[in-house]
Amino acid sequence: MRATTATLIAAVSGLVLLAGPVQAQDTDGEIYRVEEVVVEGRRLDEAARAYISAAAHPVPGRGPARWDEAICVGAANFTPEVAQYLVDRVSDVARELGLRAHEPDCHPSVVIIGTVDGAEFTRQFVARRPKLFVVGGSGMDQGLSALERFQASDAAVRWWHVSVPVDDETGQIAVRLPGLQVTAPGDAGGRDTELMAPIVRRNFASRLREPHLDVMKRSFVIVDVDRLEGVTLEQLADYIAFVALAQVDPEADLSRFESILNLFQPGGLDTTGLSPWDRAYLDGLYDMQTGFVGRGAQTRALSRSILDAYTAQVPAD
C-alpha cells in the first residue's frame, strides 16, 4: 500500500533534514552519425555545444553546479527492492564520476520520491517545507517562477536542485544566507567578530574566472508512478541518475541526440540507458575546470571537457 500524501511528506521531511552510435542533426536538418563527425572536429564541437545548449540549466548568472566529493541517496514510497535498485544505480553512476556515495544511514542529499499524483504531492511538499526549495541565498536555485512550474508540471519525473557558490579554497559559502553568521578572527589579542555576510576573497586577479565553485547541496526527484507505462526500472534509474547529478533543463529538447533524456518523448522507450553523449556530458561536467565568468566561457569550457570525454570513448582504429 502506498503512503498517503501527508504521511509521505512527513517521512520525506525527516529524510532531508538533512552504447551505440549516436545520431544528431545539424542546423540544415541533415542527420549524421557520430562516427562521421568524430573525424571532423568542428562538427563534433558544434554537436557538443548544441547538447549543452539544450541540456544545461544552471542557476541564472552562475556556472554549472556539481556535487563535491560525496553524495548520499535516499528513496521513499517505493517497494524496498525498487528503492534499493534506484539508490544503488544513482550511487554507482556517482562513483563512476569520482564521487563517494555513502552507505545506508547517511543523511540523504539526493531524495527520490514515488507518488501517484506528482503535482498534488509536490504542491503540498513545497507548502510544508518551502525553505527546502528556495533557501534565500543568491544563486542557489531557479527562483519562484521555476518553482511554480516544478509544482504544476505533469511530467512523469520532475526534479529540483539547490546549489551554493563556495570559496574554491576554503569551501566557505560565498553568499549571504538568512540567519547565517560568519566569524571573522579579530586582530592580535582582539575578539572575534560575528558578521552576517560571508568573507569573500578579492585577491583573484582575473576577468575570466572567479574564485568560486557552484556546489550542489540538495536534489529532489519526484516520480509519478502512474505515468511510467512501458518504462523499465533500468531506464528509470538511469534517467534519475542523470537529472540528480546534473542541473538539467526540464524542457530540454534532445531529439537530435541519442539520450536517456528522451525517455518520455515519442519513441523514447527505445532508449536503453545513459548514451555515450550522456556519459560524456556527465564526465565533462565533473572533469571541467570551473569558475569561468560568463555563459559563453562556461559553455566553451564544458564543451572542451565533453569533447575530451566523448572522444575517449571512441575506439582507436
# chains A, B, ... in the order shown; residues from 1 in each chain; ligands from 1
>>> residues_around(residues="Glu69 (chain A)", least_positions_apart="4", cutoff="12 Å", atoms="only C-alpha atoms", output="MDAnalysis selection string")
chainID A and resid 94:95 97:102 171 215:217 286
>>> residues_around(residues="Asp308 (chain A)", least_positions_apart="6", cutoff="10 Å", atoms="only C-alpha atoms", output="list in words")
Ala280, Asp283, Gly284, Asp287, Met288 and Leu302 of chain A
>>> write_last_selection(atoms="N, CA and C atoms", output="PDB file, in the first residue's frame")
ATOM      1  N   ALA A 280      29.373  11.351 -21.670  1.00  0.00           N
ATOM      2  CA  ALA A 280      30.374  12.374 -21.939  1.00  0.00           C
ATOM      3  C   ALA A 280      29.997  13.682 -21.258  1.00  0.00           C
ATOM      4  N   ASP A 283      30.718  13.147 -17.519  1.00  0.00           N
ATOM      5  CA  ASP A 283      32.170  13.113 -17.322  1.00  0.00           C
ATOM      6  C   ASP A 283      32.774  14.498 -17.508  1.00  0.00           C
ATOM      7  N   GLY A 284      32.330  15.203 -18.564  1.00  0.00           N
ATOM      8  CA  GLY A 284      32.852  16.535 -18.824  1.00  0.00           C
ATOM      9  C   GLY A 284      32.520  17.512 -17.715  1.00  0.00           C
ATOM     10  N   ASP A 287      34.728  16.826 -14.776  1.00  0.00           N
ATOM     11  CA  ASP A 287      36.158  16.995 -15.034  1.00  0.00           C
ATOM     12  C   ASP A 287      36.542  18.439 -15.349  1.00  0.00           C
ATOM     13  N   MET A 288      35.582  19.253 -15.748  1.00  0.00           N
ATOM     14  CA  MET A 288      35.901  20.581 -16.256  1.00  0.00           C
ATOM     15  C   MET A 288      36.474  21.488 -15.174  1.00  0.00           C
ATOM     16  N   LEU A 302      32.984  23.737 -20.766  1.00  0.00           N
ATOM     17  CA  LEU A 302      32.265  22.468 -20.660  1.00  0.00           C
ATOM     18  C   LEU A 302      32.337  21.711 -21.979  1.00  0.00           C
TER      19      LEU A 302
END
>>> closest_residue(among="A:Ile240, A:Leu233, A:Asp105, A:Leu282", to="Tyr85 (chain A)", atoms="only C-alpha atoms")
A:Leu233
>>> select_by_dssp(residues="region 38-72 of chain A", states="helix (DSSP H, G or I)", output="list of chain:residue names")
A:Val38, A:Val39, A:Gly41, A:Arg42, A:Arg43, A:Leu44, A:Asp45, A:Glu46, A:Ala47, A:Ala48, A:Arg49, A:Ala50, A:Tyr51, A:Ile52, A:Ser53, A:Ala54, A:Ala55
>>> write_last_selection(atoms="N, CA and C atoms", output="PDB file, in the first residue's frame")
ATOM      1  N   VAL A  38      33.269  12.516 -35.555  1.00  0.00           N
ATOM      2  CA  VAL A  38      34.430  12.380 -34.686  1.00  0.00           C
ATOM      3  C   VAL A  38      35.685  12.794 -35.429  1.00  0.00           C
ATOM      4  N   VAL A  39      35.752  12.456 -36.712  1.00  0.00           N
ATOM      5  CA  VAL A  39      36.912  12.799 -37.523  1.00  0.00           C
ATOM      6  C   VAL A  39      36.928  14.292 -37.823  1.00  0.00           C
ATOM      7  N   GLY A  41      36.499  17.554 -36.416  1.00  0.00           N
ATOM      8  CA  GLY A  41      36.419  18.143 -35.090  1.00  0.00           C
ATOM      9  C   GLY A  41      35.444  19.295 -34.977  1.00  0.00           C
ATOM     10  N   ARG A  42      35.356  20.127 -36.008  1.00  0.00           N
ATOM     11  CA  ARG A  42      34.469  21.287 -35.930  1.00  0.00           C
ATOM     12  C   ARG A  42      33.028  20.860 -35.753  1.00  0.00           C
ATOM     13  N   ARG A  43      32.580  19.874 -36.501  1.00  0.00           N
ATOM     14  CA  ARG A  43      31.193  19.443 -36.407  1.00  0.00           C
ATOM     15  C   ARG A  43      30.923  18.760 -35.074  1.00  0.00           C
ATOM     16  N   LEU A  44      31.887  18.038 -34.553  1.00  0.00           N
ATOM     17  CA  LEU A  44      31.716  17.416 -33.244  1.00  0.00           C
ATOM     18  C   LEU A  44      31.616  18.489 -32.170  1.00  0.00           C
ATOM     19  N   ASP A  45      32.421  19.529 -32.306  1.00  0.00           N
ATOM     20  CA  ASP A  45      32.351  20.634 -31.352  1.00  0.00           C
ATOM     21  C   ASP A  45      30.988  21.305 -31.413  1.00  0.00           C
ATOM     22  N   GLU A  46      30.461  21.492 -32.623  1.00  0.00           N
ATOM     23  CA  GLU A  46      29.134  22.093 -32.768  1.00  0.00           C
ATOM     24  C   GLU A  46      28.069  21.214 -32.120  1.00  0.00           C
ATOM     25  N   ALA A  47      28.214  19.902 -32.299  1.00  0.00           N
ATOM     26  CA  ALA A  47      27.242  18.986 -31.695  1.00  0.00           C
ATOM     27  C   ALA A  47      27.312  19.053 -30.178  1.00  0.00           C
ATOM     28  N   ALA A  48      28.517  19.112 -29.620  1.00  0.00           N
ATOM     29  CA  ALA A  48      28.672  19.201 -28.171  1.00  0.00           C
ATOM     30  C   ALA A  48      28.032  20.479 -27.635  1.00  0.00           C
ATOM     31  N   ARG A  49      28.238  21.582 -28.352  1.00  0.00           N
ATOM     32  CA  ARG A  49      27.643  22.841 -27.917  1.00  0.00           C
ATOM     33  C   ARG A  49      26.115  22.802 -28.002  1.00  0.00           C
ATOM     34  N   ALA A  50      25.601  22.130 -29.029  1.00  0.00           N
ATOM     35  CA  ALA A  50      24.145  22.000 -29.152  1.00  0.00           C
ATOM     36  C   ALA A  50      23.582  21.170 -28.001  1.00  0.00           C
ATOM     37  N   TYR A  51      24.290  20.121 -27.627  1.00  0.00           N
ATOM     38  CA  TYR A  51      23.844  19.284 -26.498  1.00  0.00           C
ATOM     39  C   TYR A  51      23.833  20.115 -25.220  1.00  0.00           C
ATOM     40  N   ILE A  52      24.909  20.872 -24.986  1.00  0.00           N
ATOM     41  CA  ILE A  52      24.991  21.707 -23.790  1.00  0.00           C
ATOM     42  C   ILE A  52      23.862  22.727 -23.781  1.00  0.00           C
ATOM     43  N   SER A  53      23.641  23.382 -24.919  1.00  0.00           N
ATOM     44  CA  SER A  53      22.614  24.413 -25.012  1.00  0.00           C
ATOM     45  C   SER A  53      21.246  23.867 -24.661  1.00  0.00           C
ATOM     46  N   ALA A  54      20.982  22.625 -25.056  1.00  0.00           N
ATOM     47  CA  ALA A  54      19.676  22.029 -24.792  1.00  0.00           C
ATOM     48  C   ALA A  54      19.556  21.522 -23.362  1.00  0.00           C
ATOM     49  N   ALA A  55      20.613  20.910 -22.847  1.00  0.00           N
ATOM     50  CA  ALA A  55      20.504  20.182 -21.579  1.00  0.00           C
ATOM     51  C   ALA A  55      20.837  21.025 -20.362  1.00  0.00           C
TER      52      ALA A  55
END
>>> closest_residue(among="A:Pro266, A:Gly230, A:Pro60, A:Pro108", to="Val73 (chain A)", atoms="only C-alpha atoms")
A:Pro108
>>> atom_distance(atom1="CA of Leu245 (chain A)", atom2="CA of Gly74 (chain A)")
13.6 Å
>>> residues_around(residues="Val111 (chain A)", least_positions_apart="2", cutoff="9 Å", atoms="only C-alpha atoms", output="compact mmCIF listing (two decimals) with C-alpha atoms, in the first residue's frame")
# COMPACT_ATOMS: atom_id res chain seq x y z
CA VAL A 12 10.49 12.76 3.35
CA LEU A 15 14.87 12.26 5.40
CA VAL A 16 16.03 15.64 4.17
CA CYS A 72 24.00 10.30 -0.16
CA VAL A 73 20.99 8.87 -2.00
CA GLY A 74 17.65 8.09 -0.36
CA ALA A 75 14.35 6.79 -1.79
CA ALA A 76 10.83 6.93 -0.33
CA PRO A 108 20.30 11.96 2.10
CA SER A 109 21.29 14.79 -0.21
CA ILE A 113 10.18 10.08 -4.06
CA ARG A 218 20.23 19.08 -2.41
CA SER A 219 18.31 17.30 -5.17
CA PHE A 220 14.67 16.21 -5.09
CA VAL A 221 13.47 13.83 -7.80
CA ILE A 222 9.72 13.13 -7.71
CA ALA A 244 20.02 14.06 -9.94
>>> closest_residue(among="A:Val59, A:Leu213, A:Leu274, A:Leu254", to="Asp238 (chain A)", atoms="only C-alpha atoms")
A:Leu274
>>> closest_residue(among="A:Ala127, A:Leu236, A:Val116, A:Val110", to="Trp160 (chain A)", atoms="only C-alpha atoms")
A:Val110
>>> select_by_dssp(residues="region 43-187 of chain A", states="strand (DSSP E)", output="PDB file with N, CA, C and O atoms, in the first residue's frame")
ATOM      1  N   ALA A  70      31.101  13.976  -2.441  1.00  0.00           N
ATOM      2  CA  ALA A  70      30.256  12.866  -1.983  1.00  0.00           C
ATOM      3  C   ALA A  70      28.780  13.208  -2.109  1.00  0.00           C
ATOM      4  O   ALA A  70      28.385  14.375  -2.087  1.00  0.00           O
ATOM      5  N   ILE A  71      27.953  12.176  -2.252  1.00  0.00           N
ATOM      6  CA  ILE A  71      26.503  12.310  -2.171  1.00  0.00           C
ATOM      7  C   ILE A  71      25.962  11.186  -1.297  1.00  0.00           C
ATOM      8  O   ILE A  71      26.645  10.192  -1.026  1.00  0.00           O
ATOM      9  N   VAL A  73      22.247   9.054  -1.262  1.00  0.00           N
ATOM     10  CA  VAL A  73      20.991   8.874  -1.998  1.00  0.00           C
ATOM     11  C   VAL A  73      19.966   8.174  -1.114  1.00  0.00           C
ATOM     12  O   VAL A  73      20.266   7.152  -0.476  1.00  0.00           O
ATOM     13  N   GLY A  74      18.755   8.711  -1.079  1.00  0.00           N
ATOM     14  CA  GLY A  74      17.651   8.087  -0.362  1.00  0.00           C
ATOM     15  C   GLY A  74      16.443   7.966  -1.268  1.00  0.00           C
ATOM     16  O   GLY A  74      16.287   8.732  -2.223  1.00  0.00           O
ATOM     17  N   ALA A  75      15.571   6.988  -1.008  1.00  0.00           N
ATOM     18  CA  ALA A  75      14.351   6.795  -1.794  1.00  0.00           C
ATOM     19  C   ALA A  75      13.190   6.522  -0.855  1.00  0.00           C
ATOM     20  O   ALA A  75      13.349   5.827   0.156  1.00  0.00           O
ATOM     21  N   ALA A  76      12.016   7.074  -1.170  1.00  0.00           N
ATOM     22  CA  ALA A  76      10.835   6.934  -0.331  1.00  0.00           C
ATOM     23  C   ALA A  76       9.626   6.571  -1.175  1.00  0.00           C
ATOM     24  O   ALA A  76       9.486   7.020  -2.312  1.00  0.00           O
ATOM     25  N   ARG A 100      32.179   9.986  -3.837  1.00  0.00           N
ATOM     26  CA  ARG A 100      31.888   8.957  -2.855  1.00  0.00           C
ATOM     27  C   ARG A 100      30.376   8.895  -2.687  1.00  0.00           C
ATOM     28  O   ARG A 100      29.717   9.931  -2.615  1.00  0.00           O
ATOM     29  N   ALA A 101      29.844   7.703  -2.629  1.00  0.00           N
ATOM     30  CA  ALA A 101      28.413   7.523  -2.383  1.00  0.00           C
ATOM     31  C   ALA A 101      28.274   6.789  -1.062  1.00  0.00           C
ATOM     32  O   ALA A 101      28.714   5.646  -0.934  1.00  0.00           O
ATOM     33  N   VAL A 110      20.385  13.462  -2.055  1.00  0.00           N
ATOM     34  CA  VAL A 110      19.546  13.175  -3.215  1.00  0.00           C
ATOM     35  C   VAL A 110      18.378  12.345  -2.721  1.00  0.00           C
ATOM     36  O   VAL A 110      18.571  11.248  -2.174  1.00  0.00           O
ATOM     37  N   VAL A 111      17.171  12.864  -2.872  1.00  0.00           N
ATOM     38  CA  VAL A 111      15.976  12.176  -2.377  1.00  0.00           C
ATOM     39  C   VAL A 111      15.061  11.868  -3.554  1.00  0.00           C
ATOM     40  O   VAL A 111      14.627  12.769  -4.268  1.00  0.00           O
ATOM     41  N   ILE A 112      14.763  10.588  -3.765  1.00  0.00           N
ATOM     42  CA  ILE A 112      13.897  10.123  -4.849  1.00  0.00           C
ATOM     43  C   ILE A 112      12.574   9.708  -4.217  1.00  0.00           C
ATOM     44  O   ILE A 112      12.549   8.876  -3.307  1.00  0.00           O
ATOM     45  N   ILE A 113      11.478  10.273  -4.700  1.00  0.00           N
ATOM     46  CA  ILE A 113      10.180  10.081  -4.061  1.00  0.00           C
ATOM     47  C   ILE A 113       9.181   9.558  -5.074  1.00  0.00           C
ATOM     48  O   ILE A 113       9.019  10.130  -6.151  1.00  0.00           O
ATOM     49  N   GLY A 114       8.489   8.484  -4.733  1.00  0.00           N
ATOM     50  CA  GLY A 114       7.427   7.965  -5.574  1.00  0.00           C
ATOM     51  C   GLY A 114       6.070   8.467  -5.114  1.00  0.00           C
ATOM     52  O   GLY A 114       5.817   8.614  -3.914  1.00  0.00           O
ATOM     53  N   THR A 115       5.175   8.761  -6.059  1.00  0.00           N
ATOM     54  CA  THR A 115       3.839   9.233  -5.727  1.00  0.00           C
ATOM     55  C   THR A 115       2.903   8.880  -6.875  1.00  0.00           C
ATOM     56  O   THR A 115       3.351   8.582  -7.984  1.00  0.00           O
ATOM     57  N   VAL A 157       8.558  12.487 -14.336  1.00  0.00           N
ATOM     58  CA  VAL A 157       9.641  12.722 -13.381  1.00  0.00           C
ATOM     59  C   VAL A 157       9.933  14.210 -13.366  1.00  0.00           C
ATOM     60  O   VAL A 157      10.095  14.827 -14.411  1.00  0.00           O
ATOM     61  N   ARG A 158       9.973  14.792 -12.184  1.00  0.00           N
ATOM     62  CA  ARG A 158      10.334  16.200 -12.035  1.00  0.00           C
ATOM     63  C   ARG A 158      11.457  16.300 -11.012  1.00  0.00           C
ATOM     64  O   ARG A 158      11.611  15.416 -10.162  1.00  0.00           O
ATOM     65  N   TRP A 159      12.246  17.365 -11.085  1.00  0.00           N
ATOM     66  CA  TRP A 159      13.377  17.491 -10.176  1.00  0.00           C
ATOM     67  C   TRP A 159      13.608  18.940  -9.805  1.00  0.00           C
ATOM     68  O   TRP A 159      13.221  19.861 -10.516  1.00  0.00           O
ATOM     69  N   TRP A 160      14.246  19.124  -8.653  1.00  0.00           N
ATOM     70  CA  TRP A 160      14.590  20.457  -8.156  1.00  0.00           C
ATOM     71  C   TRP A 160      15.933  20.374  -7.456  1.00  0.00           C
ATOM     72  O   TRP A 160      16.166  19.485  -6.639  1.00  0.00           O
ATOM     73  N   HIS A 161      16.824  21.314  -7.800  1.00  0.00           N
ATOM     74  CA  HIS A 161      18.155  21.340  -7.213  1.00  0.00           C
ATOM     75  C   HIS A 161      18.354  22.603  -6.376  1.00  0.00           C
ATOM     76  O   HIS A 161      17.834  23.665  -6.718  1.00  0.00           O
ATOM     77  N   VAL A 162      19.123  22.471  -5.332  1.00  0.00           N
ATOM     78  CA  VAL A 162      19.633  23.611  -4.583  1.00  0.00           C
ATOM     79  C   VAL A 162      21.148  23.513  -4.618  1.00  0.00           C
ATOM     80  O   VAL A 162      21.722  22.465  -4.300  1.00  0.00           O
ATOM     81  N   SER A 163      21.800  24.581  -5.047  1.00  0.00           N
ATOM     82  CA  SER A 163      23.258  24.635  -5.083  1.00  0.00           C
ATOM     83  C   SER A 163      23.712  25.890  -4.360  1.00  0.00           C
ATOM     84  O   SER A 163      22.895  26.744  -3.996  1.00  0.00           O
ATOM     85  N   VAL A 164      25.023  26.013  -4.164  1.00  0.00           N
ATOM     86  CA  VAL A 164      25.531  27.179  -3.453  1.00  0.00           C
ATOM     87  C   VAL A 164      26.924  27.526  -3.971  1.00  0.00           C
ATOM     88  O   VAL A 164      27.739  26.632  -4.198  1.00  0.00           O
ATOM     89  N   PRO A 165      27.217  28.807  -4.207  1.00  0.00           N
ATOM     90  CA  PRO A 165      28.583  29.211  -4.537  1.00  0.00           C
ATOM     91  C   PRO A 165      29.450  29.153  -3.275  1.00  0.00           C
ATOM     92  O   PRO A 165      29.062  29.668  -2.214  1.00  0.00           O
ATOM     93  N   VAL A 166      30.608  28.535  -3.383  1.00  0.00           N
ATOM     94  CA  VAL A 166      31.520  28.440  -2.249  1.00  0.00           C
ATOM     95  C   VAL A 166      32.914  28.895  -2.682  1.00  0.00           C
ATOM     96  O   VAL A 166      33.255  28.863  -3.865  1.00  0.00           O
ATOM     97  N   ASP A 167      33.712  29.322  -1.717  1.00  0.00           N
ATOM     98  CA  ASP A 167      35.095  29.678  -1.972  1.00  0.00           C
ATOM     99  C   ASP A 167      35.853  28.424  -2.392  1.00  0.00           C
ATOM    100  O   ASP A 167      35.782  27.399  -1.723  1.00  0.00           O
ATOM    101  N   VAL A 182      28.904  34.509  10.228  1.00  0.00           N
ATOM    102  CA  VAL A 182      30.265  34.095   9.934  1.00  0.00           C
ATOM    103  C   VAL A 182      31.195  34.745  10.941  1.00  0.00           C
ATOM    104  O   VAL A 182      31.079  35.938  11.213  1.00  0.00           O
ATOM    105  N   THR A 183      32.094  33.968  11.508  1.00  0.00           N
ATOM    106  CA  THR A 183      33.033  34.502  12.484  1.00  0.00           C
ATOM    107  C   THR A 183      34.299  34.963  11.794  1.00  0.00           C
ATOM    108  O   THR A 183      34.967  34.191  11.101  1.00  0.00           O
ATOM    109  N   ALA A 184      34.633  36.237  11.963  1.00  0.00           N
ATOM    110  CA  ALA A 184      35.869  36.798  11.424  1.00  0.00           C
ATOM    111  C   ALA A 184      36.870  36.947  12.562  1.00  0.00           C
ATOM    112  O   ALA A 184      36.560  37.572  13.579  1.00  0.00           O
TER     113      ALA A 184
END
>>> closest_residue(among="A:Thr79, A:Thr311, A:Gln84, A:Ser153", to="Asp224 (chain A)", atoms="only C-alpha atoms")
A:Ser153
>>> residues_around(residues="Tyr239 (chain A)", least_positions_apart="2", cutoff="8 Å", atoms="only C-alpha atoms", output="PyMOL selection string")
chain A and resi 235-237+241-243+260-261+263+273-274
